[in-house]
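Here's the structure we're looking at; comments come further down.
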Amino acid sequence: MKPSPHSHLKFKICVSGAAETGHCGEEALEKAKELGREIARHKSVLVTGATTGVPYWACIGAKEERGISIGLSPAKNEKEHVEEYKLPVDYMDMIVYTGFGFSGRNLLLTRSADAVIFGCGRMGTINEFTISFEDDKPIGILNGPWQTDELLAEIVEQAHRGPGKIVYGSDPKLLVEKIIELIRKEKVVEI
């Protein structure tokens, strides 16, 4: 098998997680930043929902490593993004204003990524997970003291559709390495 003629393109890895993180615990901040750092270290592009919390922390980590960070906003423009949604504009190189609200943004976000990594989250994270799982995307689940990892594993088990392309881990470095490996398997095309 030959690699894709587009193998020089950077991988796009989404980090999904809670915007409101009160339930996540102190460990979530550093693990999210480390996810962003590792994505940047692997010369991949971080893609997020242009929001606060776990995705924002991943953006901070990516920028600490001089990585590229792209946000997809639920808002139709910057004014709505900041004033109505109360979302940040820093730590991202580009924000795409979808104008589709949270549900529409979530669909575009997961579909635009080569893989999605899930940290501590809530309903929006579960929505992004079910879209990714249904689309058979490579998925990483970051284990931690939060319950999201257990809930997502339960969803997979109860779906009775097989394990999907899912890797689990508590170490952001190893989880990103596993995700890159899954993406590479997806990118190989036979000619």
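Ordered as shown in the structure tokens, chains take letters A, B, and onward, while each chain numbers its residues from 1 and ligands are numbered from 1 in the order shown.
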Determine, using only C-alpha atoms, which residues of stretch 17-44 of chain A have any atom at most 7 Å from an atom of stretch 115-132 of chain A, and tabulate each with its shortest atom pair and distance in Å to one decimal place, rows ordered by chain and then rising number, as a Markdown table.
```
| residue | atom | partner | partner_atom | distance |
| --- | --- | --- | --- | --- |
| A:Gly17 | CA | A:Gly121 | CA | 4.3 |
| A:Ala18 | CA | A:Gly121 | CA | 4.0 |
| A:Cys24 | CA | A:Cys120 | CA | 5.9 |
| A:Ala28 | CA | A:Cys120 | CA | 6.9 |
```
What does the file look like for those residues with N, CA and C atoms, as a CSV table (one decimal), in the first residue's frame?
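Result file follows (again.csv):
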```csv
chain,number,residue,atom,x,y,z
A,17,GLY,N,-14.7,18.6,25.1
A,17,GLY,CA,-14.9,18.5,26.6
A,17,GLY,C,-15.7,19.6,27.1
A,18,ALA,N,-15.9,19.6,28.4
A,18,ALA,CA,-16.8,20.6,29.0
A,18,ALA,C,-16.4,22.0,28.9
A,24,CYS,N,-15.2,18.7,36.9
A,24,CYS,CA,-14.1,17.9,36.3
A,24,CYS,C,-12.9,17.6,37.2
A,28,ALA,N,-8.1,18.0,35.4
A,28,ALA,CA,-8.6,18.2,34.0
A,28,ALA,C,-7.8,19.3,33.3
```
*Measure the distance from atom CA of A:Gly49 to atom CA of A:Asn77 in Å and round it to one decimal.*
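Distance reported for this atom pair: 14.1 Å.
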At a cut-off of 8 Å, can you tabulate as a tab-separated table every residue of stretch 31-66 of chain A near stretch 174-183 of chain A together with its closest atom pair and the distance in Å to one decimal, using only C-alpha atoms and ordering rows by chain then number?
```
residue	atom	partner	partner_atom	distance
A:Leu35	CA	A:Val176	CA	7.1
A:Glu38	CA	A:Val176	CA	6.6
A:Ile39	CA	A:Val176	CA	6.6
```
*Could you name the residues that touch stretch 165-169 of chain A at 9 Å or less, counting only C-alpha atoms, but leaving out those on the same chain fewer than 3 positions away, as a list in words?*
Phe133, Asp136, Lys137, Pro138, Ile139, Gly140, Ile141, Leu142, Asn143, Gly144, Asp149, Pro172, Leu174, Leu175, Lys178, Ile179 and Leu182 of chain A
*asked:* To one decimal place in Å, what is the distance between atom CA of A:Ser103 and atom CA of A:Ala50?
replied: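 Computed distance, atom CA of A:Ser103 to atom CA of A:Ala50, equals 13.7 Å.
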*Rank A:Tyr97, A:Lys76, A:Glu84, A:Ile13 by their smallest atom-to-atom distance to A:Arg111, using only C-alpha atoms, and report the top residue only.*
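Of all the options, A:Ile13 lies closest to A:Arg111.
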List every residue of chain A that DSSP, applied to the backbone of this structure, places in helix (DSSP H, G or I), and write the result as a compact mmCIF listing (two decimals) with N, CA and C atoms, in the first residue's frame.
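File produced: part_25.txt:
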```
# COMPACT_ATOMS: atom_id res chain seq x y z
N GLU A 27 -7.32 18.01 38.03
CA GLU A 27 -6.47 17.31 37.07
C GLU A 27 -6.84 17.63 35.61
N ALA A 28 -8.10 17.99 35.38
CA ALA A 28 -8.59 18.21 34.01
C ALA A 28 -7.85 19.33 33.30
N LEU A 29 -7.53 20.41 34.01
CA LEU A 29 -6.84 21.55 33.40
C LEU A 29 -5.50 21.13 32.81
N GLU A 30 -4.66 20.50 33.61
CA GLU A 30 -3.33 20.14 33.13
C GLU A 30 -3.39 19.07 32.04
N LYS A 31 -4.31 18.12 32.17
CA LYS A 31 -4.42 17.07 31.14
C LYS A 31 -4.89 17.66 29.82
N ALA A 32 -5.81 18.61 29.86
CA ALA A 32 -6.29 19.24 28.63
C ALA A 32 -5.17 20.05 27.98
N LYS A 33 -4.41 20.79 28.78
CA LYS A 33 -3.29 21.55 28.22
C LYS A 33 -2.26 20.61 27.60
N GLU A 34 -2.02 19.49 28.26
CA GLU A 34 -1.04 18.53 27.74
C GLU A 34 -1.53 17.90 26.44
N LEU A 35 -2.84 17.68 26.30
CA LEU A 35 -3.37 17.20 25.02
C LEU A 35 -3.02 18.19 23.91
N GLY A 36 -3.26 19.48 24.17
CA GLY A 36 -2.94 20.51 23.19
C GLY A 36 -1.46 20.54 22.85
N ARG A 37 -0.62 20.43 23.87
CA ARG A 37 0.83 20.42 23.65
C ARG A 37 1.24 19.23 22.78
N GLU A 38 0.71 18.06 23.10
CA GLU A 38 1.08 16.85 22.35
C GLU A 38 0.60 16.91 20.90
N ILE A 39 -0.58 17.45 20.69
CA ILE A 39 -1.08 17.60 19.31
C ILE A 39 -0.12 18.50 18.53
N ALA A 40 0.30 19.59 19.15
CA ALA A 40 1.24 20.51 18.49
C ALA A 40 2.60 19.85 18.28
N ARG A 41 3.08 19.09 19.25
CA ARG A 41 4.37 18.41 19.12
C ARG A 41 4.38 17.42 17.96
N VAL A 54 -12.35 22.78 28.84
CA VAL A 54 -11.40 21.79 28.33
C VAL A 54 -10.88 22.15 26.93
N PRO A 55 -11.73 22.51 25.96
CA PRO A 55 -11.20 22.87 24.64
C PRO A 55 -10.28 24.11 24.70
N TYR A 56 -10.65 25.08 25.51
CA TYR A 56 -9.85 26.30 25.65
C TYR A 56 -8.48 25.96 26.24
N TRP A 57 -8.48 25.12 27.26
CA TRP A 57 -7.21 24.73 27.89
C TRP A 57 -6.32 24.00 26.89
N ALA A 58 -6.93 23.17 26.04
CA ALA A 58 -6.15 22.49 25.00
C ALA A 58 -5.53 23.51 24.05
N CYS A 59 -6.28 24.58 23.74
CA CYS A 59 -5.74 25.65 22.88
C CYS A 59 -4.53 26.32 23.53
N ILE A 60 -4.61 26.57 24.83
CA ILE A 60 -3.49 27.17 25.55
C ILE A 60 -2.26 26.27 25.43
N GLY A 61 -2.44 24.97 25.65
CA GLY A 61 -1.34 24.02 25.53
C GLY A 61 -0.74 24.00 24.14
N ALA A 62 -1.59 24.01 23.13
CA ALA A 62 -1.10 24.00 21.74
C ALA A 62 -0.27 25.25 21.46
N LYS A 63 -0.74 26.40 21.91
CA LYS A 63 -0.01 27.65 21.67
C LYS A 63 1.31 27.69 22.44
N GLU A 64 1.36 27.04 23.61
CA GLU A 64 2.62 26.95 24.36
C GLU A 64 3.69 26.24 23.54
N GLU A 78 -18.20 37.28 14.93
CA GLU A 78 -17.43 37.51 16.15
C GLU A 78 -18.26 38.22 17.22
N LYS A 79 -19.05 39.17 16.82
CA LYS A 79 -19.89 39.91 17.78
C LYS A 79 -20.81 38.95 18.55
N GLU A 80 -21.50 38.09 17.82
CA GLU A 80 -22.39 37.13 18.47
C GLU A 80 -21.59 36.13 19.32
N HIS A 81 -20.44 35.72 18.81
CA HIS A 81 -19.55 34.79 19.52
C HIS A 81 -19.19 35.34 20.90
N VAL A 82 -18.80 36.61 20.94
CA VAL A 82 -18.35 37.23 22.19
C VAL A 82 -19.52 37.71 23.06
N GLU A 83 -20.46 38.43 22.46
CA GLU A 83 -21.51 39.07 23.25
C GLU A 83 -22.66 38.14 23.65
N GLU A 84 -23.10 37.29 22.74
CA GLU A 84 -24.24 36.43 23.07
C GLU A 84 -23.81 35.08 23.63
N GLY A 101 -25.50 27.33 15.71
CA GLY A 101 -25.78 26.97 17.09
C GLY A 101 -24.88 25.82 17.52
N PHE A 102 -25.12 25.34 18.74
CA PHE A 102 -24.24 24.29 19.27
C PHE A 102 -24.38 22.97 18.51
N SER A 103 -25.60 22.53 18.24
CA SER A 103 -25.78 21.23 17.59
C SER A 103 -25.18 21.20 16.19
N GLY A 104 -25.42 22.24 15.40
CA GLY A 104 -24.85 22.30 14.06
C GLY A 104 -23.35 22.44 14.08
N ARG A 105 -22.86 23.25 15.01
CA ARG A 105 -21.40 23.40 15.16
C ARG A 105 -20.77 22.06 15.51
N ASN A 106 -21.40 21.31 16.40
CA ASN A 106 -20.85 20.02 16.83
C ASN A 106 -20.68 19.07 15.65
N LEU A 107 -21.66 19.05 14.76
CA LEU A 107 -21.59 18.19 13.58
C LEU A 107 -20.43 18.61 12.67
N LEU A 108 -20.34 19.91 12.37
CA LEU A 108 -19.25 20.40 11.53
C LEU A 108 -17.89 20.17 12.19
N LEU A 109 -17.82 20.38 13.50
CA LEU A 109 -16.57 20.22 14.25
C LEU A 109 -16.04 18.80 14.13
N THR A 110 -16.87 17.83 14.44
CA THR A 110 -16.40 16.45 14.42
C THR A 110 -16.12 15.97 13.00
N ARG A 111 -16.93 16.41 12.05
CA ARG A 111 -16.71 15.99 10.66
C ARG A 111 -15.47 16.62 10.06
N SER A 112 -15.06 17.79 10.53
CA SER A 112 -13.88 18.46 9.96
C SER A 112 -12.58 17.89 10.51
N MET A 123 -23.21 17.33 28.33
CA MET A 123 -24.13 16.98 27.25
C MET A 123 -23.54 17.26 25.86
N GLY A 124 -22.93 18.41 25.66
CA GLY A 124 -22.34 18.73 24.36
C GLY A 124 -21.25 17.75 23.97
N THR A 125 -20.47 17.32 24.95
CA THR A 125 -19.41 16.35 24.71
C THR A 125 -20.01 15.01 24.29
N ILE A 126 -21.09 14.63 24.96
CA ILE A 126 -21.77 13.38 24.60
C ILE A 126 -22.33 13.48 23.18
N ASN A 127 -22.88 14.64 22.83
CA ASN A 127 -23.38 14.86 21.47
C ASN A 127 -22.25 14.70 20.46
N GLU A 128 -21.12 15.32 20.71
CA GLU A 128 -19.98 15.22 19.80
C GLU A 128 -19.47 13.78 19.73
N PHE A 129 -19.53 13.07 20.86
CA PHE A 129 -19.10 11.68 20.88
C PHE A 129 -20.01 10.81 20.02
N THR A 130 -21.32 10.96 20.18
CA THR A 130 -22.23 10.10 19.42
C THR A 130 -22.13 10.38 17.91
N ILE A 131 -21.91 11.62 17.54
CA ILE A 131 -21.70 11.94 16.12
C ILE A 131 -20.42 11.25 15.63
N SER A 132 -19.36 11.38 16.38
CA SER A 132 -18.07 10.78 16.00
C SER A 132 -18.16 9.26 15.91
N PHE A 133 -18.83 8.67 16.88
CA PHE A 133 -18.99 7.21 16.91
C PHE A 133 -19.83 6.75 15.72
N GLU A 134 -20.92 7.45 15.45
CA GLU A 134 -21.79 7.12 14.31
C GLU A 134 -21.03 7.27 12.99
N THR A 148 -17.01 11.04 32.73
CA THR A 148 -17.28 11.06 31.30
C THR A 148 -16.71 9.83 30.60
N ASP A 149 -15.49 9.45 30.95
CA ASP A 149 -14.87 8.29 30.30
C ASP A 149 -15.70 7.03 30.51
N GLU A 150 -16.20 6.84 31.72
CA GLU A 150 -17.01 5.66 32.02
C GLU A 150 -18.35 5.72 31.28
N LEU A 151 -18.94 6.90 31.22
CA LEU A 151 -20.21 7.08 30.52
C LEU A 151 -20.08 6.78 29.03
N LEU A 152 -19.00 7.29 28.40
CA LEU A 152 -18.79 7.05 26.98
C LEU A 152 -18.54 5.56 26.70
N ALA A 153 -17.80 4.90 27.57
CA ALA A 153 -17.57 3.46 27.42
C ALA A 153 -18.89 2.71 27.54
N GLU A 154 -19.75 3.15 28.44
CA GLU A 154 -21.08 2.53 28.61
C GLU A 154 -21.95 2.73 27.37
N ILE A 155 -21.89 3.92 26.77
CA ILE A 155 -22.65 4.18 25.54
C ILE A 155 -22.21 3.20 24.44
N VAL A 156 -20.91 3.01 24.30
CA VAL A 156 -20.38 2.09 23.29
C VAL A 156 -20.88 0.67 23.57
N GLU A 157 -20.81 0.26 24.81
CA GLU A 157 -21.25 -1.10 25.17
C GLU A 157 -22.75 -1.28 24.91
N GLN A 158 -23.55 -0.31 25.32
CA GLN A 158 -25.00 -0.41 25.17
C GLN A 158 -25.46 -0.26 23.72
N ALA A 159 -24.63 0.31 22.87
CA ALA A 159 -24.99 0.50 21.46
C ALA A 159 -25.02 -0.82 20.70
N PRO A 172 -1.99 11.85 28.35
CA PRO A 172 -2.24 12.58 27.10
C PRO A 172 -1.23 12.28 26.01
N LYS A 173 0.04 12.12 26.37
CA LYS A 173 1.09 11.85 25.37
C LYS A 173 0.82 10.53 24.66
N LEU A 174 0.57 9.48 25.43
CA LEU A 174 0.33 8.17 24.84
C LEU A 174 -0.99 8.14 24.07
N LEU A 175 -2.00 8.86 24.57
CA LEU A 175 -3.30 8.89 23.90
C LEU A 175 -3.19 9.56 22.53
N VAL A 176 -2.46 10.66 22.46
CA VAL A 176 -2.26 11.33 21.16
C VAL A 176 -1.47 10.42 20.21
N GLU A 177 -0.47 9.73 20.71
CA GLU A 177 0.29 8.80 19.86
C GLU A 177 -0.61 7.71 19.30
N LYS A 178 -1.51 7.16 20.14
CA LYS A 178 -2.44 6.13 19.68
C LYS A 178 -3.41 6.68 18.63
N ILE A 179 -3.85 7.91 18.83
CA ILE A 179 -4.78 8.56 17.89
C ILE A 179 -4.09 8.78 16.54
N ILE A 180 -2.84 9.24 16.57
CA ILE A 180 -2.09 9.46 15.33
C ILE A 180 -1.95 8.13 14.57
N GLU A 181 -1.71 7.07 15.31
CA GLU A 181 -1.60 5.74 14.69
C GLU A 181 -2.92 5.36 14.01
N LEU A 182 -4.05 5.60 14.67
CA LEU A 182 -5.36 5.31 14.08
C LEU A 182 -5.60 6.17 12.83
N ILE A 183 -5.24 7.45 12.91
CA ILE A 183 -5.43 8.34 11.75
C ILE A 183 -4.61 7.84 10.57
N ARG A 184 -3.37 7.46 10.83
CA ARG A 184 -2.50 6.97 9.75
C ARG A 184 -3.11 5.75 9.06
N LYS A 185 -3.72 4.86 9.84
CA LYS A 185 -4.37 3.69 9.26
C LYS A 185 -5.53 4.12 8.36
N GLU A 186 -6.24 5.18 8.76
CA GLU A 186 -7.37 5.70 7.98
C GLU A 186 -6.89 6.36 6.70
N LYS A 187 -5.73 7.00 6.74
CA LYS A 187 -5.24 7.80 5.61
C LYS A 187 -4.61 6.98 4.50
```
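Candidate residues A:Gly162, A:Gly99, A:Gly53, A:Gly67 were compared for distance to A:Leu87, and the nearest is A:Gly53, using only C-alpha atoms.
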*Please indicate the distance in Å from atom CA of A:Thr51 to atom CA of A:Gly22, rounded to one decimal place.*
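Separating atom CA of A:Thr51 from atom CA of A:Gly22 is a distance of 15.2 Å.
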*asked:* Using DSSP secondary structure from the backbone, list all strand (DSSP E or B) positions within chain A, as number ranges by chain.
replied: A: 2, 12-16, 45-48, 68-73, 94-97, 115-118, 139-142, 166-169, 189
Include N, CA and C atoms and write out the residues we just selected as a short mmCIF file (atom, residue, chain, number, x, y, z; two decimals), in the first residue's frame.
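Contents of selection16.cif, freshly written:
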```cif
data_model
loop_
_atom_site.label_atom_id
_atom_site.label_comp_id
_atom_site.auth_asym_id
_atom_site.auth_seq_id
_atom_site.Cartn_x
_atom_site.Cartn_y
_atom_site.Cartn_z
N LYS A 2 0.49 2.19 -0.82
CA LYS A 2 1.19 3.47 -0.89
C LYS A 2 0.48 4.48 0.00
N LYS A 12 -5.77 16.84 11.57
CA LYS A 12 -6.62 17.73 12.36
C LYS A 12 -7.23 16.90 13.49
N ILE A 13 -6.86 17.24 14.72
CA ILE A 13 -7.34 16.49 15.88
C ILE A 13 -8.18 17.42 16.74
N CYS A 14 -9.42 17.00 16.95
CA CYS A 14 -10.35 17.77 17.78
C CYS A 14 -10.21 17.35 19.24
N VAL A 15 -10.27 18.32 20.14
CA VAL A 15 -10.39 18.04 21.56
C VAL A 15 -11.76 18.53 21.99
N SER A 16 -12.53 17.60 22.53
CA SER A 16 -13.89 17.87 22.99
C SER A 16 -13.95 17.70 24.50
N VAL A 45 -2.88 19.82 13.77
CA VAL A 45 -3.66 21.02 14.02
C VAL A 45 -4.73 20.68 15.06
N LEU A 46 -4.82 21.51 16.09
CA LEU A 46 -5.86 21.35 17.09
C LEU A 46 -7.14 22.02 16.59
N VAL A 47 -8.25 21.31 16.67
CA VAL A 47 -9.55 21.85 16.29
C VAL A 47 -10.45 21.75 17.52
N THR A 48 -11.14 22.84 17.86
CA THR A 48 -12.05 22.83 19.01
C THR A 48 -13.35 23.55 18.66
N ILE A 68 -0.84 25.09 15.89
CA ILE A 68 -1.95 25.75 15.20
C ILE A 68 -3.25 25.30 15.85
N SER A 69 -4.11 26.28 16.11
CA SER A 69 -5.38 26.01 16.77
C SER A 69 -6.51 26.69 16.00
N ILE A 70 -7.51 25.90 15.61
CA ILE A 70 -8.66 26.42 14.88
C ILE A 70 -9.92 26.13 15.68
N GLY A 71 -10.76 27.15 15.82
CA GLY A 71 -12.02 26.98 16.54
C GLY A 71 -13.20 27.08 15.59
N LEU A 72 -14.21 26.25 15.82
CA LEU A 72 -15.48 26.35 15.10
C LEU A 72 -16.52 26.85 16.09
N SER A 73 -17.06 28.01 15.81
CA SER A 73 -18.00 28.67 16.72
C SER A 73 -19.44 28.36 16.36
N MET A 94 -7.49 30.84 14.12
CA MET A 94 -8.62 31.12 13.23
C MET A 94 -9.89 30.62 13.91
N ILE A 95 -10.96 31.39 13.76
CA ILE A 95 -12.27 30.95 14.22
C ILE A 95 -13.21 30.94 13.01
N VAL A 96 -13.86 29.82 12.79
CA VAL A 96 -14.85 29.69 11.73
C VAL A 96 -16.21 29.90 12.39
N TYR A 97 -16.92 30.92 11.96
CA TYR A 97 -18.24 31.22 12.52
C TYR A 97 -19.28 30.48 11.70
N ALA A 115 -9.74 13.01 13.75
CA ALA A 115 -9.99 12.22 14.95
C ALA A 115 -10.48 13.17 16.05
N VAL A 116 -11.12 12.60 17.05
CA VAL A 116 -11.63 13.41 18.15
C VAL A 116 -11.20 12.77 19.47
N ILE A 117 -10.65 13.60 20.36
CA ILE A 117 -10.28 13.14 21.71
C ILE A 117 -11.25 13.78 22.70
N PHE A 118 -11.79 12.95 23.59
CA PHE A 118 -12.79 13.41 24.56
C PHE A 118 -12.21 13.41 25.97
N ILE A 139 -11.34 7.74 17.64
CA ILE A 139 -11.73 8.42 18.88
C ILE A 139 -10.74 8.07 19.98
N GLY A 140 -10.37 9.09 20.76
CA GLY A 140 -9.59 8.89 21.97
C GLY A 140 -10.42 9.31 23.17
N ILE A 141 -10.40 8.52 24.21
CA ILE A 141 -11.11 8.87 25.44
C ILE A 141 -10.08 9.00 26.55
N LEU A 142 -10.00 10.22 27.08
CA LEU A 142 -9.04 10.52 28.15
C LEU A 142 -9.65 10.11 29.48
N ILE A 166 -11.77 3.17 18.84
CA ILE A 166 -11.63 3.93 20.08
C ILE A 166 -10.42 3.44 20.86
N VAL A 167 -9.62 4.40 21.33
CA VAL A 167 -8.51 4.10 22.23
C VAL A 167 -8.74 4.88 23.51
N TYR A 168 -8.32 4.28 24.62
CA TYR A 168 -8.50 4.87 25.94
C TYR A 168 -7.14 5.06 26.57
N GLY A 169 -7.02 6.07 27.43
CA GLY A 169 -5.78 6.26 28.17
C GLY A 169 -5.84 7.46 29.08
N VAL A 189 -4.34 4.71 1.48
CA VAL A 189 -5.24 4.29 0.40
C VAL A 189 -4.46 3.41 -0.58
#
```
